[in-house]
file start03.pdb (PDB, C-alpha atoms and all ligand atoms)
ATOM      1  CA  LYS A  13      56.400  67.134 124.623
ATOM      2  CA  SER A  14      57.664  70.648 124.148
ATOM      3  CA  SER A  15      61.184  71.715 125.082
ATOM      4  CA  PRO A  16      61.884  73.434 128.431
ATOM      5  CA  CYS A  17      60.813  77.010 128.301
ATOM      6  CA  VAL A  18      60.891  80.229 130.262
ATOM      7  CA  PHE A  19      57.978  82.604 129.955
ATOM      8  CA  SER A  20      57.844  86.215 131.063
ATOM      9  CA  GLY A  21      55.990  89.374 130.239
ATOM     10  CA  ILE A  22      56.920  93.024 130.060
ATOM     11  CA  GLN A  23      54.743  96.071 129.572
ATOM     12  CA  PRO A  24      55.433  98.483 126.708
ATOM     13  CA  THR A  25      55.019 101.543 128.895
ATOM     14  CA  GLY A  26      58.226 103.353 127.943
ATOM     15  CA  VAL A  27      61.977 102.896 127.585
ATOM     16  CA  PRO A  28      63.187 100.191 130.017
ATOM     17  CA  HIS A  29      65.203 101.549 132.960
ATOM     18  CA  ILE A  30      68.197 100.013 134.725
ATOM     19  CA  GLY A  31      65.853  98.420 137.276
ATOM     20  CA  ASN A  32      64.150  96.500 134.457
ATOM     21  CA  TYR A  33      67.548  95.680 132.963
ATOM     22  CA  LEU A  34      69.227  94.489 136.166
ATOM     23  CA  GLY A  35      66.130  92.942 137.743
ATOM     24  CA  ALA A  36      64.646  91.216 134.723
ATOM     25  CA  ILE A  37      66.207  91.571 131.259
ATOM     26  CA  GLN A  38      69.683  90.493 132.378
ATOM     27  CA  HIS A  39      68.221  87.321 133.922
ATOM     28  CA  TRP A  40      66.234  86.539 130.773
ATOM     29  CA  VAL A  41      69.422  86.778 128.737
ATOM     30  CA  SER A  42      71.222  84.258 130.926
ATOM     31  CA  LEU A  43      68.184  81.942 131.075
ATOM     32  CA  GLN A  44      68.148  81.983 127.282
ATOM     33  CA  ASN A  45      71.326  79.940 127.331
ATOM     34  CA  GLN A  46      70.064  77.393 129.866
ATOM     35  CA  TYR A  47      66.624  76.741 128.366
ATOM     36  CA  ASP A  48      65.617  75.903 124.835
ATOM     37  CA  ASP A  49      63.429  78.948 124.668
ATOM     38  CA  VAL A  50      62.702  82.132 126.453
ATOM     39  CA  ILE A  51      59.259  83.359 125.451
ATOM     40  CA  LEU A  52      58.860  87.075 126.050
ATOM     41  CA  SER A  53      55.419  88.464 125.647
ATOM     42  CA  ILE A  54      55.097  92.206 125.279
ATOM     43  CA  VAL A  55      51.932  92.609 127.293
ATOM     44  CA  ASP A  56      49.858  95.596 126.478
ATOM     45  CA  LEU A  57      48.080  95.822 129.782
ATOM     46  CA  HIS A  58      47.739  99.523 129.086
ATOM     47  CA  SER A  59      45.169  98.929 126.389
ATOM     48  CA  ILE A  60      43.070  97.381 129.165
ATOM     49  CA  THR A  61      43.614 100.088 131.754
ATOM     50  CA  VAL A  62      44.573 103.339 130.055
ATOM     51  CA  PRO A  63      43.789 103.724 126.349
ATOM     52  CA  GLN A  64      47.023 104.497 124.491
ATOM     53  CA  LYS A  65      47.109 106.103 121.054
ATOM     54  CA  PRO A  66      47.854 103.339 118.509
ATOM     55  CA  ASP A  67      50.910 105.124 117.064
ATOM     56  CA  VAL A  68      52.376 105.784 120.539
ATOM     57  CA  LEU A  69      51.780 102.156 121.478
ATOM     58  CA  ARG A  70      53.396 100.915 118.243
ATOM     59  CA  SER A  71      56.421 103.101 118.863
ATOM     60  CA  ASN A  72      56.716 101.949 122.512
ATOM     61  CA  ILE A  73      56.579  98.321 121.387
ATOM     62  CA  GLN A  74      59.340  98.899 118.835
ATOM     63  CA  ILE A  75      61.492 100.707 121.404
ATOM     64  CA  LEU A  76      61.011  97.892 123.881
ATOM     65  CA  ALA A  77      61.832  95.221 121.289
ATOM     66  CA  ALA A  78      64.968  97.128 120.246
ATOM     67  CA  CYS A  79      66.096  97.519 123.869
ATOM     68  CA  LEU A  80      65.541  93.816 124.610
ATOM     69  CA  ILE A  81      67.483  92.674 121.554
ATOM     70  CA  ALA A  82      70.245  95.220 122.229
ATOM     71  CA  SER A  83      70.481  93.842 125.783
ATOM     72  CA  GLY A  84      71.174  90.364 124.476
ATOM     73  CA  ILE A  85      67.785  88.775 123.834
ATOM     74  CA  ASP A  86      68.445  86.758 120.706
ATOM     75  CA  PRO A  87      65.312  86.466 118.543
ATOM     76  CA  ASN A  88      66.674  83.204 117.137
ATOM     77  CA  LYS A  89      66.916  81.603 120.573
ATOM     78  CA  SER A  90      63.977  83.380 122.148
ATOM     79  CA  ILE A  91      60.453  84.057 121.018
ATOM     80  CA  LEU A  92      59.793  87.773 121.267
ATOM     81  CA  PHE A  93      56.276  88.778 120.381
ATOM     82  CA  GLN A  94      53.437  91.126 121.125
ATOM     83  CA  GLN A  95      50.624  89.378 122.901
ATOM     84  CA  SER A  96      47.544  89.514 120.717
ATOM     85  CA  ASP A  97      45.474  92.489 121.743
ATOM     86  CA  GLU A  98      42.301  90.586 120.813
ATOM     87  CA  LYS A  99      41.926  89.507 124.397
ATOM     88  CA  SER A 100      42.186  92.982 125.803
ATOM     89  CA  ALA A 101      40.052  94.491 123.060
ATOM     90  CA  LYS A 102      37.195  92.307 124.247
ATOM     91  CA  ILE A 103      37.661  93.457 127.810
ATOM     92  CA  LYS A 104      36.327  96.943 127.719
ATOM     93  CA  LYS A 105      36.073  97.776 131.387
ATOM     94  CA  ALA A 106      39.312  98.621 133.174
ATOM     95  CA  SER A 107      38.136  97.101 136.454
ATOM     96  CA  VAL A 108      37.397  93.782 134.767
ATOM     97  CA  GLY A 109      40.774  93.894 133.016
ATOM     98  CA  LEU A 110      42.619  94.320 136.285
ATOM     99  CA  LEU A 111      40.645  91.552 137.971
ATOM    100  CA  ILE A 112      41.258  88.998 135.284
ATOM    101  CA  TYR A 113      44.901  89.924 134.749
ATOM    102  CA  PRO A 114      46.130  86.994 136.907
ATOM    103  CA  VAL A 115      43.854  84.660 134.949
ATOM    104  CA  LEU A 116      45.193  85.900 131.602
ATOM    105  CA  GLN A 117      48.721  85.499 132.910
ATOM    106  CA  ALA A 118      48.046  81.940 134.120
ATOM    107  CA  ALA A 119      46.441  81.120 130.756
ATOM    108  CA  ASP A 120      49.537  82.344 128.896
ATOM    109  CA  ILE A 121      51.895  80.438 131.194
ATOM    110  CA  LEU A 122      50.002  77.209 130.451
ATOM    111  CA  LEU A 123      49.413  77.929 126.784
ATOM    112  CA  TYR A 124      53.177  78.048 126.108
ATOM    113  CA  ARG A 125      53.838  75.146 128.504
ATOM    114  CA  SER A 126      56.265  77.218 130.515
ATOM    115  CA  ASP A 127      58.567  75.552 133.020
ATOM    116  CA  LEU A 128      60.011  78.656 134.612
ATOM    117  CA  VAL A 129      58.371  82.027 135.044
ATOM    118  CA  PRO A 130      60.564  84.929 136.183
ATOM    119  CA  VAL A 131      58.419  87.403 138.126
ATOM    120  CA  GLY A 132      58.624  90.007 140.829
ATOM    121  CA  GLU A 133      57.850  88.687 144.327
ATOM    122  CA  ASP A 134      54.412  90.303 144.260
ATOM    123  CA  GLN A 135      53.379  88.027 141.392
ATOM    124  CA  LEU A 136      54.280  84.673 142.951
ATOM    125  CA  LYS A 137      50.626  84.156 143.857
ATOM    126  CA  HIS A 138      49.701  84.441 140.168
ATOM    127  CA  ILE A 139      52.085  81.549 139.490
ATOM    128  CA  GLU A 140      50.294  79.571 142.221
ATOM    129  CA  LEU A 141      47.114  79.820 140.156
ATOM    130  CA  ALA A 142      48.897  78.491 137.067
ATOM    131  CA  ARG A 143      50.402  75.642 139.149
ATOM    132  CA  ASP A 144      46.987  74.687 140.545
ATOM    133  CA  LEU A 145      45.417  74.683 137.098
ATOM    134  CA  ALA A 146      48.257  72.592 135.626
ATOM    135  CA  ARG A 147      48.015  69.987 138.413
ATOM    136  CA  PHE A 148      44.245  69.886 138.199
ATOM    137  CA  PHE A 149      44.234  69.355 134.456
ATOM    138  CA  ASN A 150      47.018  66.740 134.546
ATOM    139  CA  ASN A 151      45.167  64.763 137.239
ATOM    140  CA  GLN A 152      41.831  64.918 135.503
ATOM    141  CA  PHE A 153      42.809  64.362 131.890
ATOM    142  CA  GLY A 154      46.468  63.292 131.666
ATOM    143  CA  GLU A 155      49.803  65.061 131.439
ATOM    144  CA  ALA A 156      49.456  68.154 129.345
ATOM    145  CA  PHE A 157      51.292  70.853 131.284
ATOM    146  CA  PRO A 158      54.541  71.180 133.180
ATOM    147  CA  VAL A 159      53.872  72.558 136.674
ATOM    148  CA  PRO A 160      55.583  75.945 136.303
ATOM    149  CA  GLU A 161      58.056  77.283 138.838
ATOM    150  CA  GLY A 162      58.343  80.958 139.761
ATOM    151  CA  TYR A 163      61.813  82.408 139.434
ATOM    152  CA  ILE A 164      62.988  85.374 141.446
ATOM    153  CA  GLY A 165      66.429  86.634 140.486
ATOM    154  CA  ASN A 166      68.920  87.672 143.147
ATOM    155  CA  THR A 167      68.995  91.364 142.231
ATOM    156  CA  PRO A 168      67.379  93.543 144.885
ATOM    157  CA  LYS A 169      64.755  96.024 143.708
ATOM    158  CA  ILE A 170      66.646  99.005 142.337
ATOM    159  CA  ARG A 171      65.312 102.158 143.969
ATOM    160  CA  ASN A 172      64.496 105.626 142.737
ATOM    161  CA  LEU A 173      67.555 107.900 142.618
ATOM    162  CA  LYS A 174      65.643 110.904 143.950
ATOM    163  CA  ASP A 175      63.590 108.952 146.482
ATOM    164  CA  PRO A 176      65.666 105.922 147.451
ATOM    165  CA  THR A 177      62.942 104.507 149.682
ATOM    166  CA  SER A 178      60.667 103.722 146.711
ATOM    167  CA  LYS A 179      61.329 101.503 143.695
ATOM    168  CA  MET A 180      62.665 102.814 140.413
ATOM    169  CA  SER A 181      59.771 102.944 137.954
ATOM    170  CA  LYS A 182      59.040 104.331 134.496
ATOM    171  CA  SER A 183      55.882 105.945 135.791
ATOM    172  CA  ASP A 184      57.694 108.406 138.087
ATOM    173  CA  ASP A 185      56.919 112.080 137.585
ATOM    174  CA  SER A 186      60.557 113.096 137.308
ATOM    175  CA  SER A 187      62.911 111.328 134.909
ATOM    176  CA  MET A 188      65.774 112.253 137.288
ATOM    177  CA  GLY A 189      64.707 109.287 139.429
ATOM    178  CA  TYR A 190      65.504 106.623 136.852
ATOM    179  CA  ILE A 191      68.140 105.892 134.208
ATOM    180  CA  THR A 192      66.867 104.393 130.979
ATOM    181  CA  ILE A 193      68.730 102.136 128.574
ATOM    182  CA  LEU A 194      68.647 104.952 125.988
ATOM    183  CA  ASP A 195      69.920 107.797 128.216
ATOM    184  CA  SER A 196      72.964 109.666 126.888
ATOM    185  CA  ASP A 197      76.315 109.565 128.711
ATOM    186  CA  ASP A 198      75.649 113.047 130.045
ATOM    187  CA  GLU A 199      72.130 112.215 131.245
ATOM    188  CA  ILE A 200      73.513 109.220 133.131
ATOM    189  CA  LEU A 201      76.222 111.378 134.702
ATOM    190  CA  GLN A 202      73.782 114.138 135.718
ATOM    191  CA  LYS A 203      71.280 111.692 137.192
ATOM    192  CA  ILE A 204      73.893 109.890 139.278
ATOM    193  CA  LYS A 205      75.494 113.183 140.373
ATOM    194  CA  LYS A 206      72.105 114.443 141.586
ATOM    195  CA  ALA A 207      71.080 111.153 143.212
ATOM    196  CA  LYS A 208      69.940 111.684 146.776
ATOM    197  CA  THR A 209      72.548 110.753 149.365
ATOM    198  CA  ASP A 210      73.163 111.974 152.937
ATOM    199  CA  PHE A 211      75.680 114.016 154.922
ATOM    200  CA  THR A 212      78.141 111.198 155.615
ATOM    201  CA  SER A 213      80.969 111.376 153.102
ATOM    202  CA  GLN A 214      82.210 107.774 153.356
ATOM    203  CA  VAL A 215      80.728 105.043 151.138
ATOM    204  CA  THR A 216      79.170 102.358 153.325
ATOM    205  CA  TYR A 217      76.354  99.865 152.756
ATOM    206  CA  ASP A 218      73.428 100.219 155.124
ATOM    207  CA  VAL A 219      69.996 100.152 153.452
ATOM    208  CA  LYS A 220      68.073 101.237 156.558
ATOM    209  CA  GLU A 221      70.255 104.157 157.651
ATOM    210  CA  ARG A 222      71.692 105.111 154.244
ATOM    211  CA  PRO A 223      69.205 104.097 151.513
ATOM    212  CA  GLY A 224      70.609 106.552 148.932
ATOM    213  CA  VAL A 225      74.265 105.557 148.899
ATOM    214  CA  SER A 226      73.283 101.892 149.422
ATOM    215  CA  ASN A 227      71.135 102.049 146.278
ATOM    216  CA  LEU A 228      74.187 103.273 144.343
ATOM    217  CA  VAL A 229      76.263 100.400 145.751
ATOM    218  CA  GLU A 230      73.516  97.940 144.753
ATOM    219  CA  ILE A 231      73.469  99.319 141.200
ATOM    220  CA  HIS A 232      77.268  99.063 141.137
ATOM    221  CA  ALA A 233      77.157  95.459 142.407
ATOM    222  CA  ALA A 234      74.475  94.427 139.929
ATOM    223  CA  PHE A 235      76.442  95.838 136.987
ATOM    224  CA  THR A 236      79.815  94.394 138.006
ATOM    225  CA  GLY A 237      79.042  91.205 139.951
ATOM    226  CA  LYS A 238      81.086  92.497 142.910
ATOM    227  CA  THR A 239      79.842  92.195 146.488
ATOM    228  CA  TYR A 240      78.841  95.236 148.545
ATOM    229  CA  GLY A 241      81.857  94.642 150.817
ATOM    230  CA  GLU A 242      84.272  94.499 147.902
ATOM    231  CA  ILE A 243      82.882  97.735 146.507
ATOM    232  CA  CYS A 244      83.053  99.622 149.803
ATOM    233  CA  ASP A 245      86.663  98.465 150.332
ATOM    234  CA  GLU A 246      87.633  99.369 146.794
ATOM    235  CA  VAL A 247      86.302 102.945 147.057
ATOM    236  CA  SER A 248      87.261 103.624 150.690
ATOM    237  CA  ASP A 249      89.353 106.641 149.664
ATOM    238  CA  LEU A 250      86.480 108.290 147.741
ATOM    239  CA  ASP A 251      83.826 110.536 149.273
ATOM    240  CA  THR A 252      80.252 110.062 147.996
ATOM    241  CA  GLY A 253      80.675 112.924 145.497
ATOM    242  CA  LYS A 254      83.736 111.291 143.897
ATOM    243  CA  TYR A 255      82.124 107.872 144.188
ATOM    244  CA  LYS A 256      79.190 109.088 142.090
ATOM    245  CA  LEU A 257      81.582 110.061 139.285
ATOM    246  CA  HIS A 258      83.269 106.652 139.511
ATOM    247  CA  LEU A 259      79.900 104.842 139.390
ATOM    248  CA  ALA A 260      78.699 107.032 136.506
ATOM    249  CA  ASP A 261      81.748 105.907 134.496
ATOM    250  CA  ILE A 262      80.902 102.270 135.140
ATOM    251  CA  VAL A 263      77.213 102.642 134.238
ATOM    252  CA  ILE A 264      78.049 104.670 131.118
ATOM    253  CA  ASP A 265      80.506 101.985 129.956
ATOM    254  CA  LYS A 266      77.939  99.225 130.509
ATOM    255  CA  LEU A 267      75.030 101.012 128.847
ATOM    256  CA  ARG A 268      76.820 102.627 125.903
ATOM    257  CA  PRO A 269      77.051  99.511 123.695
ATOM    258  CA  ILE A 270      73.453  98.566 124.507
ATOM    259  CA  ARG A 271      72.192 102.054 123.699
ATOM    260  CA  ASP A 272      74.186 102.155 120.441
ATOM    261  CA  ARG A 273      72.818  98.770 119.344
ATOM    262  CA  ALA A 274      69.262  99.764 120.274
ATOM    263  CA  ASN A 275      69.543 103.000 118.282
ATOM    264  CA  ASP A 276      70.882 101.065 115.294
ATOM    265  CA  LEU A 277      67.963  98.637 115.511
ATOM    266  CA  LEU A 278      65.502 101.536 115.692
ATOM    267  CA  GLN A 279      66.836 102.787 112.344
ATOM    268  CA  ASP A 280      65.189  99.781 110.717
ATOM    269  CA  LYS A 281      61.599  99.596 111.961
ATOM    270  CA  HIS A 282      60.700  97.149 109.223
ATOM    271  CA  GLN A 283      63.276  94.657 110.503
ATOM    272  CA  LEU A 284      61.856  94.991 114.047
ATOM    273  CA  GLU A 285      58.363  94.309 112.707
ATOM    274  CA  VAL A 286      59.680  91.214 110.912
ATOM    275  CA  ILE A 287      61.215  89.955 114.170
ATOM    276  CA  LEU A 288      57.959  90.506 116.074
ATOM    277  CA  LYS A 289      55.912  88.871 113.324
ATOM    278  CA  ASN A 290      58.230  85.883 113.311
ATOM    279  CA  GLY A 291      57.961  85.660 117.114
ATOM    280  CA  LYS A 292      54.200  85.780 116.826
ATOM    281  CA  ASP A 293      54.178  82.945 114.298
ATOM    282  CA  ARG A 294      56.393  80.743 116.468
ATOM    283  CA  ALA A 295      54.318  81.510 119.572
ATOM    284  CA  SER A 296      51.147  80.595 117.647
ATOM    285  CA  VAL A 297      52.581  77.236 116.596
ATOM    286  CA  ARG A 298      53.242  76.421 120.241
ATOM    287  CA  ALA A 299      49.835  77.612 121.351
ATOM    288  CA  GLU A 300      48.077  75.548 118.686
ATOM    289  CA  ARG A 301      50.074  72.459 119.597
ATOM    290  CA  THR A 302      49.006  72.849 123.241
ATOM    291  CA  LEU A 303      45.354  73.359 122.310
ATOM    292  CA  LYS A 304      45.388  70.317 120.057
ATOM    293  CA  ASP A 305      46.788  68.124 122.832
ATOM    294  CA  VAL A 306      44.353  69.542 125.352
ATOM    295  CA  LYS A 307      41.385  68.876 123.080
ATOM    296  CA  ARG A 308      42.544  65.330 122.440
ATOM    297  CA  LEU A 309      42.955  64.651 126.183
ATOM    298  CA  VAL A 310      39.610  66.153 127.067
ATOM    299  CA  GLY A 311      37.957  64.251 124.233
ATOM    300  CA  PHE A 312      36.643  67.131 122.115
TER     301      PHE A 312
HETATM  302  P1  LIG B 401      57.841  99.062 135.588
HETATM  303  O1  LIG B 401      57.476  98.893 137.043
HETATM  304  O2  LIG B 401      59.073  99.882 135.447
HETATM  305  O3  LIG B 401      56.695  99.528 134.731
HETATM  306  P2  LIG B 401      57.370  96.343 134.536
HETATM  307  O4  LIG B 401      56.135  96.194 135.358
HETATM  308  O5  LIG B 401      57.203  96.382 133.051
HETATM  309  O6  LIG B 401      58.250  97.615 135.059
HETATM  310  O7  LIG B 401      58.364  95.166 134.942
HETATM  311  C1  LIG B 401      59.185  94.460 134.056
HETATM  312  C2  LIG B 401      60.160  93.629 134.864
HETATM  313  O8  LIG B 401      61.127  94.489 135.505
HETATM  314  C3  LIG B 401      59.509  92.822 135.983
HETATM  315  O9  LIG B 401      60.085  91.510 136.000
HETATM  316  C4  LIG B 401      59.859  93.567 137.240
HETATM  317  O10 LIG B 401      59.982  92.703 138.374
HETATM  318  C5  LIG B 401      61.212  94.204 136.899
HETATM  319  N1  LIG B 401      61.423  95.484 137.613
HETATM  320  C6  LIG B 401      60.638  96.586 137.504
HETATM  321  N2  LIG B 401      61.116  97.598 138.260
HETATM  322  C7  LIG B 401      62.229  97.120 138.892
HETATM  323  C8  LIG B 401      63.180  97.689 139.812
HETATM  324  N3  LIG B 401      63.077  98.954 140.235
HETATM  325  N4  LIG B 401      64.214  96.911 140.232
HETATM  326  C9  LIG B 401      64.336  95.627 139.795
HETATM  327  N5  LIG B 401      63.483  95.046 138.933
HETATM  328  C10 LIG B 401      62.432  95.766 138.473
HETATM  329 NA    NA B 402      68.365  78.876 124.553
END
call {"tool": "encode", "arguments": {"input": "start03.pdb", "output": "structure tokens"}}
result
Amino acid sequence: KSSPCVFSGIQPTGVPHIGNYLGAIQHWVSLQNQYDDVILSIVDLHSITVPQKPDVLRSNIQILAACLIASGIDPNKSILFQQSDEKSAKIKKASVGLLIYPVLQAADILLYRSDLVPVGEDQLKHIELARDLARFFNNQFGEAFPVPEGYIGNTPKIRNLKDPTSKMSKSDDSSMGYITILDSDDEILQKIKKAKTDFTSQVTYDVKERPGVSNLVEIHAAFTGKTYGEICDEVSDLDTGKYKLHLADIVIDKLRPIRDRANDLLQDKHQLEVILKNGKDRASVRAERTLKDVKRLVGF
């Protein structure tokens, strides 16, 4: 029986932003200390949908790995690896790739015998598929798989700074809408200063009526662990302009050490490749162990 494990995937589509950090990476780091392993698969869905130049892809994978480790993912506790692109290489047509994505995800969840799978709410139905398959197999052939649970963290979706009604995403046209883990102090300041707010000067939390300033309060809360009420009380003498400067200071202080560590790690690409190779080897051992057990139970 394998040890309790968390499995999650992330796409190497660019530098992670604070939505990824607060909504996913931060949770993975704390789960790492509660479970024997966190298995993080860098999923190159892009090679299924949009062809990426191999050198760009390689560089994005290294940047992502550096950002994850700098954020606290410990490659000794967690298994960080790039999902084999064999699978996607065989799937030439984008439409097919998108259709079977939930199946590939369910297969990975089972292959690593995952107990807990952090996902966005939209992916809970993918977990259902993995749960059904696990139960079916266990009933038919004997216990081989834990029935995985979906895990949704308590961070709300961080929204775009320029359009606070839509979610923050790497694929936005303007980089002013999101703050990445590698942004400089000045970029962070400029982006928060120019974040869309409204004509009320007080800082209050009201997502419906005041999505812009509420998004800033949510970012503030997620970085500090304070409640929205505590934050609004604490800054009651600041107008939104001054509040932005205050929040920028907080975000800069939180991201600076992560950015510095990530940049240090990116100085040594060879070391990053060694970490990914090691993750791959450990993931393969697990996968082979599962397949061996499955074959024995099925009677191959
Ligand atoms: P993106 O949408 O930026 O390309 P991914 O699809 O790679 O991000 O998602 C990686 C993880 O980050 C997922 O667990 C996802 O739920 C989380 N995530 C993505 N965007 C946000 C956001 N704006 N706020 C909170 N969490 C997010
Ligand atoms: Na651990």
call {"tool": "resolve_selection", "arguments": {"input": "start03.pdb", "expression": "the PyMOL selection byres (((chain A and resi 68-84) around 8) and not hetatm)", "output": "MDAnalysis selection string"}}
result
chainID A and resid 24:28 33 37:38 41 54 64:67 85:87 92 94 193 270:271 273:275 277:278 281 284:285
call {"tool": "residues_near_ligand", "arguments": {"input": "start03.pdb", "ligand": "ligand LIG 401 (chain B)", "cutoff": "8 Å", "atoms": "all atoms listed in the file", "output": "PyMOL selection string"}}
result
chain A and resi 20-26+28-37+130-133+167-172+179-183
call {"tool": "residues_near_ligand", "arguments": {"input": "start03.pdb", "ligand": "ligand NA 402 (chain B)", "cutoff": "12 Å", "atoms": "all atoms listed in the file", "output": "CSV table (one decimal) with C-alpha atoms, keeping the file's coordinate frame"}}
result
chain,number,residue,atom,x,y,z
A,15,SER,CA,61.2,71.7,125.1
A,16,PRO,CA,61.9,73.4,128.4
A,17,CYS,CA,60.8,77.0,128.3
A,18,VAL,CA,60.9,80.2,130.3
A,40,TRP,CA,66.2,86.5,130.8
A,41,VAL,CA,69.4,86.8,128.7
A,42,SER,CA,71.2,84.3,130.9
A,43,LEU,CA,68.2,81.9,131.1
A,44,GLN,CA,68.1,82.0,127.3
A,45,ASN,CA,71.3,79.9,127.3
A,46,GLN,CA,70.1,77.4,129.9
A,47,TYR,CA,66.6,76.7,128.4
A,48,ASP,CA,65.6,75.9,124.8
A,49,ASP,CA,63.4,78.9,124.7
A,50,VAL,CA,62.7,82.1,126.5
A,51,ILE,CA,59.3,83.4,125.5
A,84,GLY,CA,71.2,90.4,124.5
A,85,ILE,CA,67.8,88.8,123.8
A,86,ASP,CA,68.4,86.8,120.7
A,87,PRO,CA,65.3,86.5,118.5
A,88,ASN,CA,66.7,83.2,117.1
A,89,LYS,CA,66.9,81.6,120.6
A,90,SER,CA,64.0,83.4,122.1
A,91,ILE,CA,60.5,84.1,121.0
call {"tool": "resolve_selection", "arguments": {"input": "start03.pdb", "expression": "the PyMOL selection byres (((chain A and resi 213) around 7) and not hetatm)", "output": "PyMOL selection string"}}
result
chain A and resi 211-212+214-215+251-252
call {"tool": "write_last_selection", "arguments": {"input": "start03.pdb", "atoms": "C-alpha atoms", "output": "PDB file, keeping the file's coordinate frame"}}
result
ATOM      1  CA  PHE A 211      75.680 114.016 154.922  1.00  0.00           C
ATOM      2  CA  THR A 212      78.141 111.198 155.615  1.00  0.00           C
ATOM      3  CA  GLN A 214      82.210 107.774 153.356  1.00  0.00           C
ATOM      4  CA  VAL A 215      80.728 105.043 151.138  1.00  0.00           C
ATOM      5  CA  ASP A 251      83.826 110.536 149.273  1.00  0.00           C
ATOM      6  CA  THR A 252      80.252 110.062 147.996  1.00  0.00           C
TER       7      THR A 252
END
call {"tool": "residues_around", "arguments": {"input": "start03.pdb", "residues": "Lys256 of chain A", "least_positions_apart": "3", "cutoff": "7 Å", "atoms": "all atoms listed in the file", "output": "list of chain:residue names"}}
result
A:Ile204, A:Lys205, A:Thr252, A:Gly253, A:Leu259, A:Ala260
call {"tool": "build_atoms", "arguments": {"input": "start03.pdb", "residues": "segment 205-218 of chain A", "atoms": "N, CA and C atoms", "output": "CSV table (one decimal), in the frame of the given file"}}
result
chain,number,residue,atom,x,y,z
A,205,LYS,N,75.0,112.1,139.6
A,205,LYS,CA,75.5,113.2,140.4
A,205,LYS,C,74.4,113.7,141.3
A,206,LYS,N,73.2,113.8,140.8
A,206,LYS,CA,72.1,114.4,141.6
A,206,LYS,C,71.3,113.4,142.4
A,207,ALA,N,71.8,112.2,142.4
A,207,ALA,CA,71.1,111.2,143.2
A,207,ALA,C,71.1,111.6,144.7
A,208,LYS,N,70.0,111.3,145.4
A,208,LYS,CA,69.9,111.7,146.8
A,208,LYS,C,70.9,110.8,147.6
A,209,THR,N,71.7,111.5,148.4
A,209,THR,CA,72.5,110.8,149.4
A,209,THR,C,72.4,111.5,150.7
A,210,ASP,N,73.3,111.3,151.6
A,210,ASP,CA,73.2,112.0,152.9
A,210,ASP,C,74.4,112.8,153.3
A,211,PHE,N,74.6,113.1,154.6
A,211,PHE,CA,75.7,114.0,154.9
A,211,PHE,C,76.9,113.3,155.4
A,212,THR,N,76.9,112.0,155.3
A,212,THR,CA,78.1,111.2,155.6
A,212,THR,C,78.9,111.1,154.3
A,213,SER,N,80.2,111.4,154.4
A,213,SER,CA,81.0,111.4,153.1
A,213,SER,C,81.5,110.0,152.7
A,214,GLN,N,81.7,109.1,153.7
A,214,GLN,CA,82.2,107.8,153.4
A,214,GLN,C,81.2,106.9,152.6
A,215,VAL,N,81.6,106.0,151.8
A,215,VAL,CA,80.7,105.0,151.1
A,215,VAL,C,80.6,103.8,152.0
A,216,THR,N,79.4,103.6,152.6
A,216,THR,CA,79.2,102.4,153.3
A,216,THR,C,77.8,101.8,152.9
A,217,TYR,N,77.6,100.5,153.2
A,217,TYR,CA,76.4,99.9,152.8
A,217,TYR,C,75.5,99.6,154.0
A,218,ASP,N,74.4,100.3,154.0
A,218,ASP,CA,73.4,100.2,155.1
A,218,ASP,C,72.1,100.7,154.6
